>>> print(open('final_22.txt').read())   # compact mmCIF, C-alpha atoms
# COMPACT_ATOMS: atom_id res chain seq x y z
CA MET A 1 59.20 145.61 76.29
CA ALA A 2 59.79 142.99 73.62
CA ALA A 3 62.17 144.10 70.89
CA TRP A 4 59.83 143.06 68.08
CA PHE A 5 56.91 144.96 69.64
CA SER A 6 58.87 148.22 69.64
CA LYS A 7 59.83 147.68 66.02
CA VAL A 8 56.28 146.99 64.90
CA PHE A 9 54.62 149.83 66.74
CA LYS A 10 57.55 152.28 66.59
CA THR A 11 57.20 153.04 70.29
CA GLU A 12 59.63 155.63 71.60
CA ASP A 13 60.26 157.17 74.95
CA PRO A 14 58.52 160.60 74.74
CA THR A 15 61.13 162.18 77.03
CA LYS A 16 64.01 161.09 74.77
CA ASN A 17 63.74 163.59 71.94
CA SER A 18 62.16 166.59 73.60
CA GLY A 19 63.96 166.44 76.91
CA ASN A 20 60.60 167.28 78.40
CA ALA A 21 58.52 164.80 80.39
CA VAL A 22 55.26 166.47 79.36
CA PRO A 23 53.93 165.02 76.13
CA ALA A 24 52.91 167.44 73.39
CA PRO A 25 49.17 168.17 73.27
CA VAL A 26 47.24 166.24 70.69
CA LYS A 27 45.94 168.43 67.86
CA THR A 28 42.79 167.71 65.93
CA VAL A 29 43.45 168.23 62.25
CA ALA A 30 40.74 168.61 59.65
CA THR A 31 41.17 166.21 56.77
CA ASP A 32 39.68 165.89 53.34
CA ARG A 33 38.22 162.49 54.20
CA PRO A 34 34.73 162.02 52.81
CA ALA A 35 31.78 162.22 55.13
CA ALA A 36 31.33 159.18 57.32
CA TYR A 37 28.10 158.21 55.60
CA PRO A 38 26.75 158.98 52.15
CA GLU A 39 23.53 160.87 51.76
CA GLY A 40 20.73 159.04 53.43
CA GLY A 41 22.39 158.81 56.82
CA ALA A 42 23.94 155.94 58.66
CA PRO A 43 23.36 152.47 57.29
CA SER A 44 21.09 150.09 59.10
CA PRO A 45 22.92 148.07 61.74
CA HIS A 46 21.85 145.02 59.75
CA THR A 47 23.63 146.19 56.60
CA PRO A 48 27.01 144.52 56.22
CA PRO A 49 29.88 147.00 55.88
CA SER A 50 30.56 147.76 52.23
CA ARG A 51 34.18 146.88 51.83
CA GLU A 52 35.99 146.00 48.65
CA VAL A 53 37.04 142.36 48.62
CA ASP A 54 40.55 143.42 47.57
CA ASP A 55 40.93 145.37 50.81
CA LEU A 56 40.67 142.25 52.90
CA PRO A 57 43.90 140.51 53.86
CA LYS A 58 44.43 137.27 52.00
CA ALA A 59 44.53 134.16 54.12
CA ARG A 60 47.98 132.61 53.84
CA LYS A 61 48.78 128.95 54.28
CA LEU A 62 51.47 127.86 56.67
CA VAL A 63 53.73 125.14 55.34
CA SER A 64 56.37 123.12 57.11
CA ALA A 65 59.65 121.96 55.67
CA PRO A 66 60.78 118.44 56.56
CA ILE A 67 63.03 118.32 59.60
CA LEU A 68 66.35 116.67 58.80
CA LEU A 69 67.60 114.37 61.51
CA ASP A 70 71.18 113.44 62.10
CA GLU A 71 72.01 110.11 60.55
CA THR A 72 71.49 107.42 63.11
CA GLU A 73 73.82 104.56 63.53
CA VAL A 74 72.54 101.52 61.66
CA SER A 75 73.70 98.27 63.09
CA ALA A 76 73.43 94.76 61.79
CA TRP A 77 70.81 92.54 63.34
CA SER A 78 72.21 90.95 66.47
CA ASP A 79 70.98 89.19 69.55
CA GLU A 80 71.68 92.28 71.62
CA ILE A 81 68.47 94.30 71.92
CA ARG A 82 69.23 97.97 71.35
CA ILE A 83 66.88 100.54 72.86
CA LYS A 84 66.89 104.32 72.58
CA ALA A 85 64.96 106.45 75.04
CA LYS A 86 63.51 109.76 73.90
CA LEU A 87 62.87 112.05 76.85
CA ASP A 88 60.38 114.88 76.83
CA PRO A 89 61.70 118.14 78.33
CA HIS A 90 59.48 117.79 81.40
CA GLY A 91 60.48 114.20 82.11
CA TYR A 92 56.93 112.86 82.22
CA THR A 93 56.92 110.90 78.98
CA ILE A 94 59.65 108.58 77.78
CA VAL A 95 59.39 106.91 74.38
CA PHE A 96 61.48 103.77 74.03
CA LEU A 97 62.45 102.86 70.47
CA VAL A 98 63.39 99.20 70.23
CA ASP A 99 65.40 97.87 67.28
CA ARG A 100 62.81 95.15 66.64
CA PRO A 101 59.04 94.74 66.83
CA VAL A 102 57.73 94.58 70.37
CA LEU A 103 54.07 94.02 69.46
CA GLU A 104 53.04 93.42 65.85
CA GLY A 105 49.55 93.75 64.41
CA HIS A 106 47.99 95.24 67.52
CA SER A 107 48.76 97.80 70.19
CA PHE A 108 48.04 97.89 73.89
CA MET A 109 47.39 100.71 76.31
CA ALA A 110 47.54 100.17 80.06
CA ARG A 111 46.16 103.19 81.90
CA ASP A 112 46.49 101.66 85.33
CA GLN A 113 48.22 98.85 87.13
CA ASP A 114 45.14 96.59 87.11
CA GLY A 115 44.81 96.81 83.34
CA ALA A 116 48.50 96.06 82.91
CA PHE A 117 48.47 93.06 85.24
CA ALA A 118 45.32 91.62 83.66
CA HIS A 119 46.48 91.70 80.05
CA SER A 120 50.16 92.49 79.49
CA PRO A 121 53.10 90.89 81.30
CA LEU A 122 55.46 93.54 79.82
CA ALA A 123 53.31 96.49 80.94
CA ALA A 124 52.90 94.86 84.36
CA SER A 125 56.67 94.51 84.78
CA ILE A 126 57.09 98.23 83.95
CA PHE A 127 54.36 99.24 86.43
CA ASP A 128 56.21 97.19 89.05
CA LEU A 129 59.08 99.69 88.90
CA GLY A 130 56.89 102.37 90.47
CA GLY A 131 55.95 105.93 89.51
CA ILE A 132 54.23 104.80 86.28
CA VAL A 133 50.95 106.31 85.04
CA SER A 134 50.44 104.53 81.72
CA VAL A 135 52.20 102.24 79.26
CA LEU A 136 51.48 102.16 75.54
CA ILE A 137 52.97 99.37 73.44
CA HIS A 138 52.80 99.82 69.68
CA ASN A 139 55.00 98.24 67.01
CA MET A 140 58.63 99.00 67.93
CA THR A 141 57.86 101.56 70.61
CA VAL A 142 56.93 101.51 74.27
CA THR A 143 55.68 104.88 75.54
CA VAL A 144 55.74 105.32 79.29
CA ASN A 145 54.06 108.17 81.14
CA ARG A 146 55.26 108.61 84.67
CA ASP A 147 54.59 110.86 87.59
CA GLY A 148 58.10 110.22 88.75
CA ARG A 149 59.83 108.96 91.82
CA PRO A 150 61.57 111.55 93.98
CA ASP A 151 64.64 109.35 94.32
CA GLN A 152 65.15 109.03 90.58
CA SER A 153 66.13 111.35 87.74
CA VAL A 154 64.42 110.93 84.38
CA GLU A 155 67.66 109.53 82.91
CA GLU A 156 67.86 106.94 85.69
CA ALA A 157 64.20 106.05 85.14
CA ALA A 158 64.82 105.67 81.40
CA ARG A 159 67.74 103.31 82.02
CA GLU A 160 65.76 101.25 84.52
CA ILE A 161 62.69 100.93 82.29
CA GLY A 162 64.86 100.25 79.22
CA ALA A 163 66.64 97.44 81.07
CA GLN A 164 63.25 96.02 82.10
CA ILE A 165 61.99 96.05 78.50
CA ARG A 166 65.17 94.34 77.30
CA ALA A 167 65.02 91.70 80.05
CA HIS A 168 61.36 90.98 79.29
CA LEU A 169 61.94 90.60 75.56
CA LYS A 170 64.95 88.35 76.19
CA SER A 171 62.95 86.16 78.57
CA GLY A 172 60.62 85.08 75.79
CA MET A 173 57.55 85.85 77.90
CA PRO A 174 54.61 87.21 75.90
CA VAL A 175 54.17 90.97 75.64
CA LEU A 176 50.40 90.60 75.60
CA ASP A 177 48.31 87.83 77.10
CA PRO A 178 47.24 85.51 74.20
CA ALA A 179 43.77 85.26 75.74
CA TYR A 180 43.39 89.04 75.41
CA LEU A 181 44.25 88.84 71.71
CA ASP A 182 41.71 86.05 71.26
CA GLN A 183 38.97 88.34 72.59
CA MET A 184 39.99 91.21 70.31
CA PRO A 185 37.01 92.29 68.17
CA PRO A 186 37.45 92.58 64.39
CA VAL A 187 38.68 95.84 62.89
CA GLU A 188 35.23 96.68 61.46
CA GLU A 189 33.66 96.51 64.89
CA ILE A 190 36.32 98.78 66.40
CA ARG A 191 36.00 101.25 63.55
CA ALA A 192 32.20 101.33 63.84
CA GLY A 193 32.39 101.91 67.61
CA LEU A 194 34.84 104.80 67.23
CA GLN A 195 32.86 106.37 64.38
CA LYS A 196 29.70 106.20 66.50
CA VAL A 197 31.42 108.11 69.32
CA LEU A 198 32.67 110.71 66.83
CA ASP A 199 29.26 111.19 65.22
CA ARG A 200 27.16 111.24 68.37
CA GLU A 201 29.37 112.86 71.01
CA ILE A 202 32.63 114.39 69.89
CA ASN A 203 31.99 116.15 66.60
CA PRO A 204 28.69 117.75 67.70
CA GLY A 205 30.52 118.98 70.82
CA ILE A 206 33.54 120.52 69.14
CA ALA A 207 31.52 121.95 66.26
CA SER A 208 30.93 125.02 68.41
CA HIS A 209 34.68 125.66 68.11
CA SER A 210 34.50 125.07 64.33
CA GLY A 211 36.44 121.87 64.86
CA TYR A 212 35.94 118.31 63.71
CA ILE A 213 37.75 115.01 63.97
CA THR A 214 38.04 112.45 61.19
CA LEU A 215 38.75 108.79 61.75
CA ASN A 216 41.23 108.03 58.98
CA ARG A 217 41.65 104.31 59.49
CA VAL A 218 41.93 101.52 62.00
CA GLU A 219 44.74 98.98 61.79
CA GLY A 220 44.32 96.09 64.18
CA ASN A 221 43.13 98.03 67.21
CA THR A 222 45.20 101.16 66.45
CA ALA A 223 43.20 104.21 65.35
CA TYR A 224 44.53 107.09 63.24
CA ILE A 225 42.66 110.38 63.34
CA THR A 226 42.98 113.90 61.93
CA MET A 227 41.87 117.05 63.71
CA GLY A 228 40.46 119.66 61.36
CA GLY A 229 38.85 123.11 61.31
CA GLY A 230 39.39 124.99 64.54
CA CYS A 231 41.16 121.99 66.09
CA GLN A 232 44.07 122.11 63.63
CA GLY A 233 46.86 124.02 65.27
CA CYS A 234 44.77 124.85 68.34
CA ALA A 235 46.90 125.08 71.45
CA ALA A 236 44.33 122.97 73.31
CA SER A 237 44.16 120.23 70.65
CA SER A 238 46.38 117.88 72.63
CA MET A 239 44.21 118.25 75.73
CA THR A 240 41.05 117.78 73.64
CA LEU A 241 42.50 114.61 72.19
CA ARG A 242 43.83 113.03 75.36
CA GLN A 243 41.20 114.07 77.89
CA GLY A 244 38.10 114.29 75.73
CA VAL A 245 38.35 112.16 72.63
CA GLU A 246 40.53 109.37 73.98
CA SER A 247 38.49 108.94 77.15
CA ALA A 248 35.22 108.76 75.18
CA PHE A 249 36.75 106.32 72.69
CA ARG A 250 38.02 103.99 75.41
CA LEU A 251 34.68 103.95 77.20
CA GLU A 252 32.95 102.78 74.02
CA VAL A 253 35.79 100.61 72.68
CA PRO A 254 37.83 99.19 75.59
CA PHE A 255 40.03 97.22 73.19
CA LEU A 256 41.34 100.41 71.54
CA GLY A 257 45.14 100.38 71.57
CA ALA A 258 47.10 103.39 70.32
CA LEU A 259 45.24 106.52 69.24
CA LEU A 260 47.49 108.43 66.86
CA ASP A 261 46.93 111.99 65.64
CA GLU A 262 48.07 112.44 62.03
CA THR A 263 47.28 116.16 61.91
CA ASP A 264 50.04 118.55 60.87
CA HIS A 265 49.25 121.16 63.51
CA THR A 266 51.79 123.61 62.10
CA ALA A 267 50.28 123.68 58.62
CA GLY A 268 47.01 124.82 57.12
CA ILE A 269 45.22 128.05 56.46
CA ASN A 270 45.17 129.49 59.93
CA PRO A 271 47.04 127.62 62.62
CA PHE A 272 48.08 129.33 65.84
CA PHE A 273 47.48 132.91 64.76
CA LYS A 274 45.39 135.21 62.63
CA GLU A 275 46.61 137.44 59.82
CA LEU A 276 46.90 141.13 60.61
CA PRO A 277 43.94 143.37 59.86
CA ALA A 278 44.12 145.30 56.60
CA GLY A 279 46.50 148.22 56.79
CA MET A 280 48.85 146.62 59.27
CA GLY A 281 51.93 144.98 57.87
CA ARG A 282 52.53 144.75 54.18
CA MET B 283 56.79 128.85 76.80
CA PRO B 284 60.44 129.85 76.46
CA ARG B 285 61.55 133.41 75.69
CA LEU B 286 63.32 133.58 72.36
CA GLU B 287 66.16 136.09 72.45
CA LYS B 288 67.21 135.81 68.82
CA PHE B 289 67.31 133.36 65.97
CA THR B 290 69.50 132.94 62.94
CA VAL B 291 68.32 131.44 59.65
CA LYS B 292 70.71 130.15 57.02
CA ILE B 293 68.91 129.65 53.70
CA GLN B 294 70.27 127.77 50.70
CA THR B 295 68.35 129.57 48.01
CA GLY B 296 68.30 126.78 45.41
CA ALA B 297 68.20 127.01 41.63
CA GLN B 298 65.61 129.76 41.51
CA GLY B 299 66.95 132.16 44.13
CA LEU B 300 64.78 134.35 46.31
CA GLY B 301 65.16 137.69 44.57
CA THR B 302 64.66 139.57 47.80
CA VAL B 303 65.57 139.26 51.46
CA PRO B 304 62.50 137.79 53.17
CA LYS B 305 60.83 139.16 56.27
CA TYR B 306 59.73 137.12 59.22
CA LYS B 307 56.55 137.21 61.28
CA ILE B 308 56.36 136.77 65.01
CA ASN B 309 52.87 136.17 66.37
CA GLY B 310 51.56 137.40 63.02
CA PHE B 311 53.51 140.68 62.95
CA PRO B 312 55.86 141.12 59.98
CA LEU B 313 59.38 142.37 60.67
CA GLU B 314 62.63 142.75 58.79
CA PHE B 315 65.60 140.76 59.95
CA ASP B 316 68.14 142.73 61.97
CA THR B 317 71.23 141.52 60.12
CA GLN B 318 71.89 139.80 56.83
CA GLU B 319 74.89 138.24 55.15
CA GLY B 320 75.34 136.47 51.83
CA GLY B 321 73.06 136.72 48.83
CA THR B 322 69.60 135.82 47.60
CA GLY B 323 70.62 134.80 44.08
CA THR B 324 70.68 131.36 42.51
CA GLY B 325 72.67 128.86 44.55
CA GLU B 326 73.66 131.40 47.15
CA THR B 327 73.41 131.19 50.91
CA LEU B 328 71.64 133.92 52.82
CA GLN B 329 72.11 134.23 56.56
CA VAL B 330 69.72 136.48 58.46
CA MET B 331 69.23 137.15 62.15
CA GLY B 332 66.18 138.38 64.01
CA GLU B 333 66.40 139.73 67.53
CA VAL B 334 63.07 138.84 69.05
CA GLN B 335 63.31 139.06 72.87
CA SER B 336 59.80 137.71 73.25
CA PHE B 337 57.58 134.68 73.56
CA PRO B 338 56.62 133.34 70.15
CA HIS B 339 53.27 131.64 69.67
CA SER B 340 54.19 131.52 66.02
CA LEU B 341 57.33 132.33 64.07
CA THR B 342 57.23 132.19 60.31
CA LEU B 343 59.25 133.12 57.26
CA ASP B 344 57.13 135.47 55.22
CA GLY B 345 56.67 133.86 51.83
CA PRO B 346 56.85 135.41 48.35
CA ARG B 347 54.17 137.69 46.90
CA ASP B 348 52.74 138.62 43.50
CA GLY B 349 52.98 135.33 41.67
CA GLN B 350 56.52 134.60 42.80
CA ALA B 351 57.63 131.23 44.15
CA TRP B 352 60.73 130.14 46.04
CA GLU B 353 62.34 126.72 45.83
CA ILE B 354 64.37 126.68 49.00
CA GLU B 355 66.96 123.91 49.00
CA GLY B 356 67.60 123.71 52.72
CA MET B 357 67.68 125.76 55.89
CA GLU B 358 69.33 125.79 59.25
CA VAL B 359 67.66 127.66 62.09
CA THR B 360 69.55 128.36 65.32
CA TYR B 361 67.54 129.51 68.33
CA GLU B 362 68.93 131.36 71.33
CA VAL B 363 66.43 130.86 74.11
CA TYR B 364 66.71 132.62 77.46
CA GLY B 365 68.41 130.50 80.11
CA GLN B 366 69.19 127.61 77.75
CA ASP B 367 71.98 126.54 75.42
CA PRO B 368 71.34 127.44 71.76
CA PHE B 369 69.95 124.67 69.56
CA THR B 370 69.75 124.19 65.81
CA ILE B 371 67.09 122.61 63.60
CA ARG B 372 67.93 121.59 60.04
CA LEU B 373 65.14 121.73 57.48
CA GLY B 374 64.95 120.12 54.06
CA GLY B 375 63.80 121.56 50.75
CA VAL B 376 60.47 123.30 50.47
CA ARG B 377 58.51 125.26 47.87
CA LEU B 378 56.72 128.44 48.87
CA ASP B 379 54.23 130.10 46.57
CA ASP B 380 52.72 133.56 46.88
CA GLU B 381 50.06 132.32 49.27
CA SER B 382 52.26 130.51 51.75
CA ASP B 383 54.55 131.23 54.69
CA LEU B 384 57.00 128.81 56.25
CA ASN B 385 56.83 127.65 59.84
CA LEU B 386 60.06 128.47 61.68
CA TRP B 387 59.05 127.71 65.26
CA TYR B 388 60.31 124.45 66.66
CA GLU B 389 60.83 123.44 70.24
CA ARG B 390 64.14 122.04 71.34
CA PRO B 391 64.34 118.41 70.11
CA ALA B 392 63.85 115.80 72.80
CA ALA B 393 67.01 114.31 74.26
CA VAL B 394 67.72 110.75 73.14
CA LEU B 395 69.95 108.30 74.99
CA ASP B 396 70.88 104.65 74.63
CA VAL B 397 69.50 102.64 77.50
>>> encode(input="final_22.txt", output="structure tokens")
Amino acid sequence: MAAWFSKVFKTEDPTKNSGNAVPAPVKTVATDRPAAYPEGGAPSPHTPPSREVDDLPKARKLVSAPILLDETEVSAWSDEIRIKAKLDPHGYTIVFLVDRPVLEGHSFMARDQDGAFAHSPLAASIFDLGGIVSVLIHNMTVTVNRDGRPDQSVEEAAREIGAQIRAHLKSGMPVLDPAYLDQMPPVEEIRAGLQKVLDREINPGIASHSGYITLNRVEGNTAYITMGGGCQGCAASSMTLRQGVESAFRLEVPFLGALLDETDHTAGINPFFKELPAGMGR
Amino acid sequence: MPRLEKFTVKIQTGAQGLGTVPKYKINGFPLEFDTQEGGTGTGETLQVMGEVQSFPHSLTLDGPRDGQAWEIEGMEVTYEVYGQDPFTIRLGGVRLDDESDLNLWYERPAAVLDV
């Protein structure tokens, strides 16, 4: 049994104190509690329970302190392209942080090899390495999702992909096909398309979970959203975003690049858990 | 979800102090820390340890009550997770009022390497 559970509920082994495995019989004790219902009998089932507002537990906000990172080495600008790879614990996602812009003004998402080969020489060269599911290029980062190769550890994959990014940037080849950029619709058109999907499909759907999604802004073809209501702090918010919202957005707006969630999922009135009922805790 | 065996919080109390040793909440249940060292006064450092032995969906520092506020200068939280090496998260300054709790649950930071 979890240590904290025993402390909260004061559970004890009944055989410990008495030395007897048979638990003591439960006694019914008369109390001076008032009658269950005042004169007039039980209230109608439609009558809300009369409870003083002060009895109810107060909703408490959850705040987050800023996380302090170790000082990173700052180097002078040089011809050598420096890349750091950030590995997720499961080894499926690797974020490459490059010390210079990879793609400015716009972002690009390749969700399959065909999309990469059609529009982005850099994404295509990463797909060529094998075991790649998607490539997102945005500002100074390249985010690679992979399903892995059995012959390769995640560290080896990170080194191989990092070397490929460096070689591509050094070669002077374009990151994104210029013709693709020429076809890019204006920001207003992208914003209107995304807002339409939110208003017609997504928000009516997640309203049943008391959730809603707000489109904060669109920069180039990069969209920034916030998840609110029941979505904020929900354990399924990431799945909702990636499998529901992102898929619907990309169907309507194929030129959408990065979709970034600006929600602080650890903050707010009620993320992750509910306050204890009155009478439990302090 | 990893099983948290215990966690240690080092709090730099700041100019205002805390006035009292805070509690923590795991999955919404308030508990007192198992050990404490140091002080809660102005400019002091308080080190507390909670033995959890469970799977936290949420882990929070229970904030002040009754009109009080804390101006915490900085914190260091060390987690001992079953089957893994301990890891530490450093947090910057934060203000808690009598309606707020502080999030203390962070996953192990992602590994970063030069490639």
>>> closest_atom_pairs(input="final_22.txt", of="chain B", to="chain A", cutoff="10 Å", atoms="only C-alpha atoms", output="CSV")
residue,atom,partner,partner_atom,distance
B:Arg285,CA,A:Ala2,CA,10.0
B:Glu287,CA,A:Ala3,CA,9.1
B:Lys288,CA,A:Ala3,CA,9.9
B:Lys307,CA,A:Trp4,CA,9.6
B:Ile308,CA,A:Trp4,CA,7.8
B:Asn309,CA,A:Phe273,CA,6.5
B:Gly310,CA,A:Glu275,CA,5.9
B:Phe311,CA,A:Gly281,CA,6.8
B:Pro312,CA,A:Gly281,CA,5.9
B:Leu313,CA,A:Val8,CA,7.0
B:Glu314,CA,A:Lys7,CA,9.2
B:Gly332,CA,A:Trp4,CA,8.9
B:Glu333,CA,A:Ala3,CA,6.9
B:Val334,CA,A:Trp4,CA,5.4
B:Gln335,CA,A:Ala2,CA,5.3
B:Ser336,CA,A:Ala2,CA,5.3
B:Phe337,CA,A:Ala2,CA,8.6
B:His339,CA,A:Phe272,CA,6.9
B:Ser340,CA,A:Phe272,CA,6.5
B:Leu341,CA,A:Phe272,CA,9.9
B:Thr342,CA,A:Leu62,CA,8.1
B:Leu343,CA,A:Leu62,CA,9.4
B:Asp344,CA,A:Leu62,CA,9.6
B:Gly345,CA,A:Arg60,CA,9.0
B:Ile354,CA,A:Ala65,CA,9.4
B:Gly356,CA,A:Ala65,CA,8.7
B:Met357,CA,A:Ala65,CA,8.9
B:Glu358,CA,A:Leu68,CA,9.6
B:Ile371,CA,A:Ile67,CA,7.1
B:Arg372,CA,A:Leu68,CA,5.3
B:Leu373,CA,A:Ile67,CA,4.5
B:Gly374,CA,A:Pro66,CA,5.1
B:Gly375,CA,A:Ala65,CA,6.4
B:Val376,CA,A:Ala65,CA,5.4
B:Arg377,CA,A:Ala65,CA,8.5
B:Leu378,CA,A:Val63,CA,7.9
B:Asp379,CA,A:Lys61,CA,9.5
B:Asp380,CA,A:Arg60,CA,8.5
B:Glu381,CA,A:Arg60,CA,5.0
B:Ser382,CA,A:Lys61,CA,4.6
B:Asp383,CA,A:Leu62,CA,5.0
B:Leu384,CA,A:Val63,CA,5.0
B:Asn385,CA,A:Ser64,CA,5.3
B:Leu386,CA,A:Ser64,CA,7.9
B:Trp387,CA,A:Thr266,CA,8.9
B:Tyr388,CA,A:Thr266,CA,9.7
B:Glu389,CA,A:Pro89,CA,9.7
B:Arg390,CA,A:Pro89,CA,8.4
B:Pro391,CA,A:Asp88,CA,8.6
B:Ala392,CA,A:Asp88,CA,5.4
B:Ala393,CA,A:Leu87,CA,5.4
B:Val394,CA,A:Lys86,CA,4.4
B:Leu395,CA,A:Ala85,CA,5.3
B:Asp396,CA,A:Lys84,CA,4.5
B:Val397,CA,A:Arg159,CA,4.9
>>> atom_distance(input="final_22.txt", atom1="CA of Met109 (chain A)", atom2="CA of Pro204 (chain A)")
26.7 Å
>>> closest_residue(input="final_22.txt", among="A:Thr222, A:Gln152, A:Ser120, A:Thr214", to="Asn139 (chain A)", atoms="all atoms listed in the file")
A:Thr222
>>> axis_aligned_box(input="final_22.txt", around="region 307-318 of chain B", padding_each_side="6 Å", output="AutoDock Vina command-line options")
--center_x 61.7 --center_y 139.5 --center_z 61.6 --size_x 32.3 --size_y 18.6 --size_z 21.5
>>> closest_residue(input="final_22.txt", among="A:Leu260, A:Val197, A:Met239, A:Cys231", to="His209 (chain A)", atoms="only C-alpha atoms")
A:Cys231
>>> atom_distance(input="final_22.txt", atom1="CA of Pro284 (chain B)", atom2="CA of Asp264 (chain A)")
21.9 Å
>>> residues_around(input="final_22.txt", residues="Met331 (chain B)", least_positions_apart="2", cutoff="10 Å", atoms="only C-alpha atoms", output="PDB file with C-alpha atoms, in the coordinates of the input")
ATOM      1  CA  LYS B 288      67.210 135.810  68.820  1.00  0.00           C
ATOM      2  CA  PHE B 289      67.310 133.360  65.970  1.00  0.00           C
ATOM      3  CA  THR B 290      69.500 132.940  62.940  1.00  0.00           C
ATOM      4  CA  VAL B 291      68.320 131.440  59.650  1.00  0.00           C
ATOM      5  CA  LYS B 292      70.710 130.150  57.020  1.00  0.00           C
ATOM      6  CA  TYR B 306      59.730 137.120  59.220  1.00  0.00           C
ATOM      7  CA  GLU B 314      62.630 142.750  58.790  1.00  0.00           C
ATOM      8  CA  PHE B 315      65.600 140.760  59.950  1.00  0.00           C
ATOM      9  CA  ASP B 316      68.140 142.730  61.970  1.00  0.00           C
ATOM     10  CA  THR B 317      71.230 141.520  60.120  1.00  0.00           C
ATOM     11  CA  GLN B 318      71.890 139.800  56.830  1.00  0.00           C
ATOM     12  CA  GLU B 319      74.890 138.240  55.150  1.00  0.00           C
ATOM     13  CA  GLN B 329      72.110 134.230  56.560  1.00  0.00           C
ATOM     14  CA  GLU B 333      66.400 139.730  67.530  1.00  0.00           C
ATOM     15  CA  VAL B 334      63.070 138.840  69.050  1.00  0.00           C
ATOM     16  CA  VAL B 359      67.660 127.660  62.090  1.00  0.00           C
ATOM     17  CA  THR B 360      69.550 128.360  65.320  1.00  0.00           C
ATOM     18  CA  TYR B 361      67.540 129.510  68.330  1.00  0.00           C
TER      19      TYR B 361
END
>>> atom_distance(input="final_22.txt", atom1="CA of Ile202 (chain A)", atom2="CA of Val187 (chain A)")
20.7 Å
>>> build_atoms(input="final_22.txt", residues="region 374-385 of chain B", atoms="N, CA, C and O atoms", output="PDB file, keeping the file's coordinate frame")
ATOM      1  N   GLY B 374      64.719 120.523  55.446  1.00  0.00           N
ATOM      2  CA  GLY B 374      64.950 120.120  54.060  1.00  0.00           C
ATOM      3  C   GLY B 374      64.317 121.083  53.069  1.00  0.00           C
ATOM      4  O   GLY B 374      63.806 122.142  53.444  1.00  0.00           O
ATOM      5  N   GLY B 375      64.318 120.695  51.811  1.00  0.00           N
ATOM      6  CA  GLY B 375      63.800 121.560  50.750  1.00  0.00           C
ATOM      7  C   GLY B 375      62.301 121.790  50.854  1.00  0.00           C
ATOM      8  O   GLY B 375      61.559 120.927  51.307  1.00  0.00           O
ATOM      9  N   VAL B 376      61.892 122.983  50.426  1.00  0.00           N
ATOM     10  CA  VAL B 376      60.470 123.300  50.470  1.00  0.00           C
ATOM     11  C   VAL B 376      60.155 124.354  49.405  1.00  0.00           C
ATOM     12  O   VAL B 376      61.009 125.174  49.056  1.00  0.00           O
ATOM     13  N   ARG B 377      58.952 124.273  48.858  1.00  0.00           N
ATOM     14  CA  ARG B 377      58.510 125.260  47.870  1.00  0.00           C
ATOM     15  C   ARG B 377      57.471 126.171  48.501  1.00  0.00           C
ATOM     16  O   ARG B 377      56.516 125.699  49.108  1.00  0.00           O
ATOM     17  N   LEU B 378      57.695 127.464  48.369  1.00  0.00           N
ATOM     18  CA  LEU B 378      56.720 128.440  48.870  1.00  0.00           C
ATOM     19  C   LEU B 378      56.152 129.206  47.688  1.00  0.00           C
ATOM     20  O   LEU B 378      56.908 129.712  46.862  1.00  0.00           O
ATOM     21  N   ASP B 379      54.825 129.273  47.613  1.00  0.00           N
ATOM     22  CA  ASP B 379      54.230 130.100  46.570  1.00  0.00           C
ATOM     23  C   ASP B 379      53.752 131.414  47.188  1.00  0.00           C
ATOM     24  O   ASP B 379      54.018 131.687  48.360  1.00  0.00           O
ATOM     25  N   ASP B 380      53.064 132.220  46.393  1.00  0.00           N
ATOM     26  CA  ASP B 380      52.720 133.560  46.880  1.00  0.00           C
ATOM     27  C   ASP B 380      51.546 133.579  47.856  1.00  0.00           C
ATOM     28  O   ASP B 380      51.042 134.642  48.201  1.00  0.00           O
ATOM     29  N   GLU B 381      51.124 132.382  48.267  1.00  0.00           N
ATOM     30  CA  GLU B 381      50.060 132.320  49.270  1.00  0.00           C
ATOM     31  C   GLU B 381      50.522 131.613  50.538  1.00  0.00           C
ATOM     32  O   GLU B 381      49.713 131.276  51.386  1.00  0.00           O
ATOM     33  N   SER B 382      51.837 131.340  50.623  1.00  0.00           N
ATOM     34  CA  SER B 382      52.260 130.510  51.750  1.00  0.00           C
ATOM     35  C   SER B 382      53.434 131.124  52.515  1.00  0.00           C
ATOM     36  O   SER B 382      54.285 131.801  51.940  1.00  0.00           O
ATOM     37  N   ASP B 383      53.436 130.876  53.803  1.00  0.00           N
ATOM     38  CA  ASP B 383      54.550 131.230  54.690  1.00  0.00           C
ATOM     39  C   ASP B 383      55.121 129.927  55.235  1.00  0.00           C
ATOM     40  O   ASP B 383      54.477 128.889  55.195  1.00  0.00           O
ATOM     41  N   LEU B 384      56.330 130.020  55.765  1.00  0.00           N
ATOM     42  CA  LEU B 384      57.000 128.810  56.250  1.00  0.00           C
ATOM     43  C   LEU B 384      57.117 128.834  57.766  1.00  0.00           C
ATOM     44  O   LEU B 384      57.590 129.818  58.344  1.00  0.00           O
ATOM     45  N   ASN B 385      56.706 127.751  58.387  1.00  0.00           N
ATOM     46  CA  ASN B 385      56.830 127.650  59.840  1.00  0.00           C
ATOM     47  C   ASN B 385      58.304 127.606  60.246  1.00  0.00           C
ATOM     48  O   ASN B 385      59.091 126.829  59.705  1.00  0.00           O
TER      49      ASN B 385
END
